file my_file00.txt (compact mmCIF, C-alpha atoms)
# COMPACT_ATOMS: atom_id res chain seq x y z
CA MET A 137 20.36 149.02 -87.47
CA ALA A 138 21.27 152.07 -89.50
CA THR A 139 24.65 153.15 -88.25
CA GLU A 140 24.62 156.88 -88.44
CA ALA A 141 27.31 159.22 -89.63
CA GLU A 142 30.58 159.30 -87.75
CA GLY A 143 33.19 161.94 -88.36
CA GLY A 144 34.30 162.48 -91.92
CA GLY A 145 31.04 161.93 -93.69
CA LEU A 146 31.20 158.17 -93.35
CA VAL A 147 27.56 157.20 -93.56
CA PHE A 148 26.08 153.74 -93.48
CA HIS A 149 22.59 153.21 -94.67
CA PRO A 150 22.54 149.43 -94.92
CA MET A 151 18.77 149.31 -94.83
CA ASP A 152 18.15 151.89 -97.54
CA GLN A 153 18.40 149.24 -100.21
CA PHE A 154 15.20 147.73 -98.89
CA ILE A 155 13.12 150.89 -99.29
CA VAL A 156 10.10 150.43 -101.51
CA LYS A 157 9.65 153.32 -103.89
CA PRO A 158 7.42 154.03 -106.84
CA LEU A 159 9.27 153.88 -110.11
CA PHE A 160 7.02 156.31 -111.93
CA GLY A 161 6.07 159.53 -110.28
CA ASP A 162 6.62 160.53 -106.69
CA GLY A 163 3.38 159.65 -105.05
CA ALA A 164 2.53 157.39 -102.19
CA VAL A 165 3.01 153.62 -102.46
CA GLY A 166 -0.49 152.37 -103.02
CA MET A 167 -1.50 148.80 -103.54
CA PHE A 168 -1.22 148.90 -107.32
CA THR A 169 1.65 151.36 -107.67
CA PHE A 170 4.40 150.06 -109.94
CA THR A 171 7.25 150.00 -107.46
CA ASN A 172 10.77 148.60 -107.47
CA VAL A 173 9.29 145.51 -105.78
CA ALA A 174 6.98 145.04 -108.74
CA LEU A 175 9.85 145.52 -111.19
CA TRP A 176 12.11 142.91 -109.60
CA LEU A 177 9.26 140.47 -109.06
CA LEU A 178 8.34 140.76 -112.73
CA LEU A 179 12.00 140.38 -113.68
CA ALA A 180 12.01 137.13 -111.72
CA VAL A 181 8.94 136.05 -113.68
CA ALA A 182 10.70 137.02 -116.91
CA CYS A 183 13.75 134.97 -115.93
CA VAL A 184 11.61 131.94 -115.10
CA VAL A 185 9.87 132.29 -118.46
CA ALA A 186 13.20 132.72 -120.24
CA LEU A 187 14.68 129.61 -118.66
CA MET A 188 11.70 127.31 -118.52
CA VAL A 189 9.78 128.32 -121.65
CA LEU A 190 12.21 129.92 -124.09
CA GLY A 191 15.04 127.66 -122.98
CA THR A 192 13.03 124.54 -123.74
CA SER A 193 11.31 125.85 -126.88
CA LYS A 194 13.30 123.52 -129.16
CA ARG A 195 12.18 120.42 -127.22
CA ALA A 196 15.48 118.90 -128.24
CA THR A 197 16.21 115.30 -127.37
CA ILE A 198 19.83 116.33 -127.06
CA PRO A 199 19.36 119.45 -124.94
CA THR A 200 20.99 122.80 -125.44
CA ARG A 201 22.72 124.35 -122.46
CA THR A 202 19.69 126.35 -121.35
CA GLN A 203 17.33 123.44 -121.82
CA SER A 204 19.75 121.31 -119.84
CA VAL A 205 19.58 123.74 -116.93
CA ALA A 206 15.78 123.82 -117.10
CA GLU A 207 15.68 120.02 -117.09
CA LEU A 208 18.14 119.93 -114.24
CA ALA A 209 15.90 122.23 -112.17
CA TYR A 210 12.87 120.14 -113.06
CA GLY A 211 14.59 116.88 -112.18
CA PHE A 212 16.03 118.32 -108.96
CA ILE A 213 12.68 119.46 -107.55
CA TYR A 214 10.74 116.50 -108.97
CA LYS A 215 13.08 114.09 -107.24
CA MET A 216 12.88 116.13 -104.03
CA VAL A 217 9.08 115.98 -104.03
CA GLU A 218 9.15 112.27 -104.82
CA ASP A 219 11.77 111.43 -102.19
CA VAL A 220 10.60 113.67 -99.36
CA THR A 221 6.84 113.73 -99.82
CA GLY A 222 6.16 110.51 -101.64
CA LYS A 223 5.00 109.41 -105.06
CA ASP A 224 1.39 110.43 -104.40
CA ALA A 225 2.47 114.05 -103.90
CA VAL A 226 3.72 114.43 -107.46
CA LYS A 227 0.49 116.22 -108.38
CA TYR A 228 1.56 119.10 -106.09
CA PHE A 229 4.88 119.33 -107.90
CA PRO A 230 3.92 122.41 -110.03
CA TYR A 231 3.14 124.43 -106.88
CA ILE A 232 6.38 123.47 -105.20
CA PHE A 233 8.33 124.08 -108.39
CA THR A 234 6.71 127.53 -108.66
CA LEU A 235 7.87 128.35 -105.15
CA PHE A 236 11.39 127.13 -105.82
CA MET A 237 11.80 128.93 -109.14
CA PHE A 238 10.40 132.14 -107.73
CA ILE A 239 12.64 132.14 -104.67
CA VAL A 240 15.75 131.06 -106.50
CA PHE A 241 15.37 133.74 -109.18
CA SER A 242 14.42 136.47 -106.72
CA ASN A 243 17.46 135.59 -104.64
CA PHE A 244 19.86 135.54 -107.55
CA LEU A 245 18.47 138.69 -109.16
CA ALA A 246 18.92 140.39 -105.81
CA LEU A 247 22.65 139.70 -106.08
CA ILE A 248 22.93 142.12 -109.00
CA PRO A 249 24.37 145.37 -107.65
CA MET A 250 21.79 148.16 -107.23
CA SER A 251 19.00 145.62 -107.47
CA PHE A 252 16.12 145.13 -105.07
CA SER A 253 15.60 141.90 -103.18
CA PRO A 254 11.91 141.04 -102.77
CA THR A 255 12.73 137.92 -100.72
CA SER A 256 14.36 140.10 -98.07
CA HIS A 257 10.95 141.49 -97.24
CA ILE A 258 9.00 139.75 -94.54
CA ALA A 259 5.76 140.72 -96.30
CA VAL A 260 6.79 138.66 -99.31
CA THR A 261 8.17 135.65 -97.45
CA ALA A 262 5.30 135.68 -94.96
CA ILE A 263 2.84 135.35 -97.81
CA LEU A 264 4.87 132.41 -99.10
CA GLY A 265 5.28 130.84 -95.66
CA PHE A 266 1.70 131.32 -94.53
CA GLY A 267 0.44 130.36 -97.94
CA VAL A 268 2.24 127.03 -97.59
CA PHE A 269 1.00 126.72 -94.00
CA PHE A 270 -2.66 127.28 -94.82
CA ALA A 271 -2.55 125.21 -97.98
CA VAL A 272 -0.94 122.30 -96.16
CA THR A 273 -3.26 122.54 -93.15
CA ILE A 274 -6.41 122.70 -95.27
CA LEU A 275 -5.13 119.89 -97.44
CA GLY A 276 -4.40 117.82 -94.34
CA PHE A 277 -7.95 118.18 -93.08
CA VAL A 278 -9.46 117.59 -96.52
CA LYS A 279 -7.42 114.45 -97.09
CA ASN A 280 -7.53 112.95 -93.60
CA GLY A 281 -10.51 114.64 -91.89
CA ALA A 282 -10.10 114.65 -88.13
CA GLY A 283 -7.35 112.07 -88.55
CA PHE A 284 -5.07 114.96 -89.38
CA LEU A 285 -5.09 115.81 -85.65
CA GLY A 286 -3.23 112.54 -85.15
CA LEU A 287 -0.19 114.53 -86.19
CA PHE A 288 -0.27 116.10 -82.73
CA TRP A 289 -1.08 112.92 -80.84
CA VAL A 290 2.21 111.02 -80.66
CA SER A 291 0.93 107.47 -80.37
CA SER A 292 4.40 106.02 -79.91
CA ALA A 293 4.94 107.97 -76.67
CA PRO A 294 3.71 106.82 -73.22
CA LEU A 295 0.08 107.79 -72.64
CA ALA A 296 0.90 110.15 -69.76
CA LEU A 297 3.28 112.14 -71.93
CA ARG A 298 0.99 112.47 -74.89
CA PRO A 299 -0.97 115.60 -73.79
CA VAL A 300 2.29 117.40 -73.04
CA LEU A 301 3.73 116.33 -76.38
CA ALA A 302 0.50 117.38 -78.08
CA ILE A 303 0.90 120.91 -76.71
CA ILE A 304 4.52 121.03 -77.86
CA GLU A 305 3.58 119.66 -81.26
CA ILE A 306 0.80 122.22 -81.68
CA ILE A 307 3.06 125.09 -80.72
CA SER A 308 5.77 123.88 -83.10
CA TYR A 309 3.17 123.44 -85.81
CA PHE A 310 2.03 127.04 -85.50
CA VAL A 311 5.59 128.33 -85.32
CA ARG A 312 6.39 126.64 -88.63
CA PRO A 313 5.13 129.39 -90.97
CA VAL A 314 6.88 132.05 -88.89
CA SER A 315 10.23 130.31 -88.95
CA HIS A 316 9.65 129.31 -92.55
CA SER A 317 9.25 132.90 -93.71
CA ILE A 318 11.65 134.64 -91.32
CA ARG A 319 14.43 132.19 -92.20
CA LEU A 320 14.35 133.25 -95.82
CA ALA A 321 13.83 136.97 -95.30
CA GLY A 322 16.37 137.09 -92.46
CA ASN A 323 19.09 135.37 -94.43
CA ILE A 324 18.70 137.52 -97.49
CA MET A 325 18.28 140.76 -95.54
CA ALA A 326 21.25 140.12 -93.27
CA GLY A 327 23.52 139.20 -96.15
CA HIS A 328 22.63 142.27 -98.17
CA ALA A 329 22.91 144.57 -95.14
CA VAL A 330 26.38 143.18 -94.37
CA LEU A 331 27.40 143.72 -97.98
CA LYS A 332 26.28 147.31 -97.69
CA VAL A 333 28.23 147.82 -94.44
CA PHE A 334 31.39 146.49 -96.07
CA ALA A 335 30.73 148.74 -99.03
CA GLY A 336 30.52 151.68 -96.61
CA PHE A 337 33.89 150.78 -95.12
CA ALA A 338 35.37 150.55 -98.60
CA ALA A 339 35.14 154.36 -98.73
CA ILE A 340 37.91 154.62 -96.13
CA THR A 341 41.25 154.24 -97.91
CA ALA A 342 42.99 152.53 -95.00
CA VAL A 343 40.59 149.62 -94.76
CA ALA A 344 39.39 149.64 -98.35
CA PRO A 345 41.33 146.52 -99.47
CA LEU A 346 40.08 144.60 -96.47
CA ALA A 347 36.54 145.83 -97.05
CA ILE A 348 36.65 144.91 -100.72
CA PHE A 349 37.89 141.41 -99.96
CA GLY A 350 35.18 141.28 -97.33
CA ILE A 351 32.62 142.18 -99.98
CA ILE A 352 33.97 139.44 -102.24
CA GLY A 353 33.79 136.89 -99.44
CA ILE A 354 30.32 137.88 -98.30
CA TYR A 355 29.13 138.00 -101.89
CA ALA A 356 30.36 134.45 -102.46
CA LEU A 357 28.58 133.42 -99.30
CA GLU A 358 25.44 135.17 -100.49
CA VAL A 359 25.52 133.25 -103.76
CA LEU A 360 25.57 130.09 -101.70
CA VAL A 361 22.87 131.37 -99.33
CA SER A 362 20.64 132.37 -102.25
CA PHE A 363 20.50 128.82 -103.49
CA ILE A 364 20.51 127.13 -100.10
CA GLN A 365 17.62 129.24 -98.79
CA ALA A 366 15.55 128.46 -101.87
CA TYR A 367 16.41 124.80 -101.39
CA VAL A 368 15.60 124.87 -97.68
CA PHE A 369 12.30 126.65 -98.25
CA THR A 370 11.32 124.10 -100.87
CA ILE A 371 12.35 121.03 -98.94
CA LEU A 372 10.55 122.27 -95.81
CA THR A 373 7.44 122.78 -97.93
CA CYS A 374 7.81 119.17 -99.04
CA VAL A 375 8.19 118.03 -95.43
CA TYR A 376 5.09 119.96 -94.34
CA LEU A 377 3.18 118.55 -97.28
CA LYS A 378 4.22 115.06 -96.27
CA ASP A 379 2.85 115.71 -92.77
CA ALA A 380 -0.45 116.77 -94.34
CA LEU A 381 -0.71 113.72 -96.59
CA HIS A 382 0.54 111.17 -94.07
CA PRO A 383 -0.09 112.59 -90.58
CA SER A 384 0.83 109.42 -88.72
CA HIS A 385 4.29 109.58 -87.26
CA MET B 134 -0.90 157.50 -95.87
CA ALA B 135 2.04 159.80 -96.30
CA THR B 136 2.40 161.65 -93.06
CA GLU B 137 5.72 163.20 -93.98
CA THR B 138 5.61 164.74 -97.39
CA THR B 139 9.05 166.27 -97.47
CA GLY B 140 10.05 164.83 -100.81
CA THR B 141 9.48 161.25 -99.76
CA ALA B 142 6.50 159.07 -100.17
CA SER B 143 6.10 157.30 -96.89
CA ALA B 144 6.20 157.40 -93.13
CA CYS B 145 8.99 154.82 -93.24
CA VAL B 146 11.49 157.07 -94.99
CA GLY B 147 13.15 159.91 -93.16
CA PRO B 148 13.46 163.44 -94.56
CA ASP B 149 17.03 162.65 -95.72
CA GLY B 150 15.78 159.79 -97.88
CA SER B 151 17.09 157.00 -95.69
CA ALA B 152 15.03 154.34 -94.01
CA ILE B 153 13.56 154.76 -90.58
CA GLY B 154 14.04 151.45 -88.81
CA MET B 155 13.56 148.34 -90.90
CA PRO B 156 11.83 148.93 -94.22
CA GLN B 157 10.69 145.33 -93.92
CA LEU B 158 8.34 146.30 -91.11
CA CYS B 159 6.77 149.26 -92.88
CA ALA B 160 3.08 148.42 -93.02
CA ASP B 161 2.42 151.10 -95.65
CA TRP B 162 4.31 149.12 -98.27
CA MET B 163 2.95 145.70 -97.56
CA PRO B 164 -0.24 145.77 -99.68
CA ASN B 165 1.84 146.76 -102.66
CA GLN B 166 4.36 143.98 -102.09
CA ILE B 167 1.68 141.38 -101.51
CA PHE B 168 -0.25 142.41 -104.59
CA TRP B 169 2.73 142.21 -106.90
CA LEU B 170 3.96 139.01 -105.26
CA LEU B 171 0.64 137.33 -105.94
CA ILE B 172 0.72 138.56 -109.53
CA ALA B 173 4.24 137.16 -109.94
CA LEU B 174 3.43 133.82 -108.31
CA ILE B 175 0.27 133.33 -110.34
CA ALA B 176 2.12 134.23 -113.53
CA ILE B 177 4.94 131.80 -112.77
CA TYR B 178 2.47 129.09 -111.78
CA PHE B 179 0.49 129.37 -114.99
CA VAL B 180 3.53 129.58 -117.22
CA LEU B 181 5.08 126.58 -115.54
CA SER B 182 2.03 124.35 -115.20
CA ARG B 183 0.54 125.16 -118.63
CA ILE B 184 3.65 125.39 -120.80
CA ALA B 185 7.00 124.58 -119.26
CA LEU B 186 6.39 121.53 -117.08
CA PRO B 187 4.33 119.48 -119.59
CA ARG B 188 6.89 120.32 -122.25
CA ILE B 189 9.84 119.24 -120.12
CA ALA B 190 7.98 116.11 -119.02
CA THR B 191 7.39 115.23 -122.69
CA VAL B 192 10.99 115.90 -123.61
CA LEU B 193 12.24 113.76 -120.73
CA ALA B 194 9.84 110.95 -121.60
CA GLU B 195 10.85 111.11 -125.25
CA ARG B 196 14.50 111.06 -124.31
CA GLN B 197 13.91 108.09 -122.05
CA GLY B 198 12.15 106.36 -124.93
CA THR B 199 14.98 107.16 -127.32
CA ILE B 200 17.54 105.91 -124.85
CA THR B 201 15.60 102.69 -124.27
CA ASN B 202 15.26 102.15 -128.03
CA ASP B 203 18.91 102.87 -128.62
CA LEU B 204 19.91 100.52 -125.84
CA ALA B 205 17.74 97.78 -127.32
CA ALA B 206 19.24 98.40 -130.76
CA ALA B 207 22.72 98.30 -129.26
CA GLU B 208 21.87 95.04 -127.52
CA ASP B 209 20.65 93.67 -130.86
CA LEU B 210 23.81 94.71 -132.64
CA LYS B 211 25.91 93.25 -129.88
CA GLN B 212 24.06 89.96 -130.25
CA LYS B 213 24.69 90.06 -133.99
CA ALA B 214 28.36 90.78 -133.45
CA LEU B 215 28.58 87.84 -131.06
CA GLU B 216 26.92 85.60 -133.62
CA ALA B 217 29.31 86.79 -136.31
CA GLU B 218 32.22 86.12 -134.00
CA ASP B 219 30.93 82.63 -133.31
CA ALA B 220 30.54 81.95 -137.04
CA TYR B 221 34.03 83.23 -137.63
CA ASN B 222 35.48 81.08 -134.86
CA LYS B 223 33.62 78.06 -136.20
CA ALA B 224 34.91 78.70 -139.73
CA LEU B 225 38.38 79.09 -138.35
CA ALA B 226 38.15 75.82 -136.43
CA ASP B 227 36.75 74.04 -139.50
CA ALA B 228 39.55 75.36 -141.65
CA ARG B 229 42.05 74.25 -139.06
CA THR B 230 40.72 70.68 -138.89
CA GLU B 231 40.57 70.59 -142.70
CA ALA B 232 44.18 71.70 -142.87
CA GLN B 233 45.13 69.12 -140.25
CA LYS B 234 43.41 66.43 -142.29
CA ILE B 235 45.18 67.45 -145.49
CA ILE B 236 48.51 67.51 -143.70
CA ALA B 237 47.93 64.01 -142.28
CA GLN B 238 46.91 62.68 -145.69
CA ASN B 239 49.94 64.19 -147.37
CA LYS B 240 52.18 62.82 -144.66
CA ALA B 241 50.74 59.31 -145.12
CA GLU B 242 51.17 59.50 -148.89
CA MET B 243 54.70 60.69 -148.55
CA GLN B 244 55.44 57.95 -146.00
CA ALA B 245 54.09 55.31 -148.35
CA GLU B 246 56.14 56.60 -151.27
CA LEU B 247 59.19 56.81 -149.07
CA ASP B 248 58.69 53.26 -147.82
CA LYS B 249 58.33 52.02 -151.40
CA ALA B 250 61.46 53.86 -152.49
CA ILE B 251 63.41 52.53 -149.50
CA ALA B 252 62.27 48.95 -150.23
CA LYS B 253 63.27 49.35 -153.86
CA ALA B 254 66.63 50.76 -152.93
CA ASP B 255 67.18 47.95 -150.40
CA ALA B 256 66.43 45.34 -153.08
CA GLU B 257 68.79 47.01 -155.53
CA ILE B 258 71.49 47.24 -152.88
CA ALA B 259 71.04 43.54 -152.04
CA ALA B 260 71.28 42.59 -155.75
CA LYS B 261 74.39 44.70 -156.20
CA ALA B 262 75.93 43.21 -153.03
CA ALA B 263 75.28 39.65 -154.28
CA GLU B 264 76.85 40.48 -157.64
CA SER B 265 79.88 41.94 -155.94
CA GLU B 266 80.15 38.89 -153.69
CA LYS B 267 80.18 36.68 -156.76
CA ALA B 268 82.75 38.83 -158.51
CA ILE B 269 84.97 38.77 -155.43
CA SER B 270 84.78 34.99 -155.11
CA ASP B 271 85.56 34.63 -158.85
CA ILE B 272 88.51 36.94 -158.42
CA ARG B 273 89.63 34.97 -155.38
CA ALA B 274 89.45 31.64 -157.31
CA THR B 275 91.33 33.09 -160.25
CA ALA B 276 93.95 34.44 -157.86
CA VAL B 277 94.53 31.00 -156.27
CA GLU B 278 94.88 29.45 -159.68
CA SER B 279 97.33 32.10 -160.74
CA VAL B 280 99.35 31.62 -157.58
CA GLU B 281 99.52 27.85 -158.31
CA ALA B 282 100.66 28.47 -161.88
CA VAL B 283 103.20 31.04 -160.76
CA ALA B 284 104.43 28.71 -157.98
CA LYS B 285 104.81 25.78 -160.38
CA ASP B 286 106.58 27.95 -162.97
CA THR B 287 108.81 29.49 -160.31
CA ALA B 288 109.58 26.06 -158.80
CA GLY B 289 110.40 24.66 -162.28
CA ALA B 290 112.63 27.67 -162.97
CA ILE B 291 114.36 27.36 -159.57
CA VAL B 292 114.96 23.62 -160.15
CA ALA B 293 116.34 24.38 -163.64
CA ALA B 294 118.49 27.13 -162.31
CA LEU B 295 119.93 24.83 -159.68
CA GLY B 296 120.95 22.54 -162.53
CA GLY B 297 118.49 19.85 -161.81
CA GLN B 298 116.43 18.08 -164.31
CA ALA B 299 112.77 18.06 -163.48
CA ASP B 300 109.78 17.30 -165.47
CA ASP B 301 106.75 19.39 -165.15
CA SER B 302 104.47 16.81 -163.57
CA THR B 303 106.84 16.12 -160.70
CA VAL B 304 107.26 19.82 -159.97
CA ALA B 305 103.52 20.30 -160.16
CA ALA B 306 102.93 17.43 -157.73
CA ALA B 307 105.50 18.79 -155.31
CA VAL B 308 104.04 22.28 -155.43
CA ASP B 309 100.56 20.90 -154.90
CA ALA B 310 101.80 18.87 -151.92
CA GLN B 311 103.49 21.95 -150.46
CA MET B 312 100.48 24.19 -150.97
CA LYS B 313 98.17 21.69 -149.22
CA GLY B 314 100.57 21.45 -146.27

call {"tool": "encode", "arguments": {"input": "my_file00.txt", "output": "structure tokens"}}
result
Amino acid sequence: MATEAEGGGLVFHPMDQFIVKPLFGDGAVGMFTFTNVALWLLLAVACVVALMVLGTSKRATIPTRTQSVAELAYGFIYKMVEDVTGKDAVKYFPYIFTLFMFIVFSNFLALIPMSFSPTSHIAVTAILGFGVFFAVTILGFVKNGAGFLGLFWVSSAPLALRPVLAIIEIISYFVRPVSHSIRLAGNIMAGHAVLKVFAGFAAITAVAPLAIFGIIGIYALEVLVSFIQAYVFTILTCVYLKDALHPSH
Amino acid sequence: MATETTGTASACVGPDGSAIGMPQLCADWMPNQIFWLLIALIAIYFVLSRIALPRIATVLAERQGTITNDLAAAEDLKQKALEAEDAYNKALADARTEAQKIIAQNKAEMQAELDKAIAKADAEIAAKAAESEKAISDIRATAVESVEAVAKDTAGAIVAALGGQADDSTVAAAVDAQMKG
């Protein structure tokens, strides 16, 4: 990963941006240490509060710009939950909206130069992914009892094929949280690492223009990826939730 | 925890301050990340579910209500406008028929007056024509008489001029006989 120094002091440390360090003092990173992760997570919280609470504080019938954005986000996710999961899943909307707002703000805050991107860390996305996985699985069993296992028993397939399909379905079911979390972390990490590599090349005069245009291009792509990954994470959560609520195929 | 204490805090950071391998896989940092992540998620969840989402839901519902009310009011006003237009059209049509009626009446009156005047004029013309006729026939009669007198006088004069002796009655008889022939 970390391309080491070649020749004239050209050093790439594309992964250094992901190092977790304590912001106060020099000690070890303990569980409660206030680190850069904590700072950028709390900044994401602050941004969510600013948009969703301060932005809507006027409760205007004719919305201000900020309130309009907040309402847009609300409507976007509400409609997604309603369309993908069904009308009965609207009571899970606050959880899904929490996920979306958190990911979208973490991703966009990570696009600020010199910032830290919490969603590039597998520890963070794994908690999100596995959290969704366990919540959905438990919910499935609570709502449907043993009927939830019908999700793995494809009743529309020929009887002989069903055990084979059941195995495939079970494997794919347990791979879900892994792919769910690695997709997000991988996208964000790769994008930021590539940005850093281009930035390293920008130090060489000969290729600097190319590298800078590369940075611009990749950055634009990252803006897109930031939103799309939040969207994908949220819509997959909705899909998994739908499986839990209505396990029949 | 920190096995290498050369200025850095963790086993995952090399002595030069750069990452060893992927920082994402550094188990030393994970409890910290997970702890703060949970704090952040819980904070966002409570802020959203307690304050932001009910508020936005209310605002959206209120807006929907306002829009529905406004639409109903607009529908009402439109209905009123249509009614007003109908009334206007009706008034216009009424006025038009009234005008038509007045025009027809006037025309009839004028026609009657005209007819009367024409009849009167015709009568006058006929009277005048009869008078003229009479005058002409009078004139004609007078003219014949005059011609007779002139003829008799002229005949008498011619006879006298020729040296004859003629009495008036003979000349008159001869002239009469000639004029009848």

call {"tool": "atom_distance", "arguments": {"input": "my_file00.txt", "atom1": "atom CA of A:Tyr210", "atom2": "atom CA of A:Val181"}}
result
16.4 Å

call {"tool": "closest_residue", "arguments": {"input": "my_file00.txt", "among": "B:Lys313, B:Arg196, B:Arg183, B:Lys253", "to": "chain A", "atoms": "only C-alpha atoms"}}
result
B:Arg196

call {"tool": "interface_residues", "arguments": {"input": "my_file00.txt", "of": "chain B", "to": "chain A", "cutoff": "8 Å", "atoms": "all atoms listed in the file", "output": "PyMOL selection string"}}
result
chain B and resi 134-135+141-143+146+151-152+154-158+161-170+173-174+176-178+180-182+184-186+188-189+192-193+195-196

call {"tool": "atom_distance", "arguments": {"input": "my_file00.txt", "atom1": "atom CA of A:Asn243", "atom2": "atom CA of A:Ser362"}}
result
5.1 Å

call {"tool": "atom_distance", "arguments": {"input": "my_file00.txt", "atom1": "atom CA of B:Gln212", "atom2": "atom CA of B:Asp227"}}
result
22.4 Å

call {"tool": "closest_residue", "arguments": {"input": "my_file00.txt", "among": "B:Gln238, B:Glu281, B:Gly289, B:Pro187", "to": "B:Asp309", "atoms": "all atoms listed in the file"}}
result
B:Glu281

call {"tool": "axis_aligned_box", "arguments": {"input": "my_file00.txt", "around": "stretch 197-204 of chain B", "padding_each_side": "6 Å", "output": "AutoDock Vina command-line options"}}
result
--center_x 16.0 --center_y 104.3 --center_z -125.3 --size_x 19.8 --size_y 19.6 --size_z 18.6
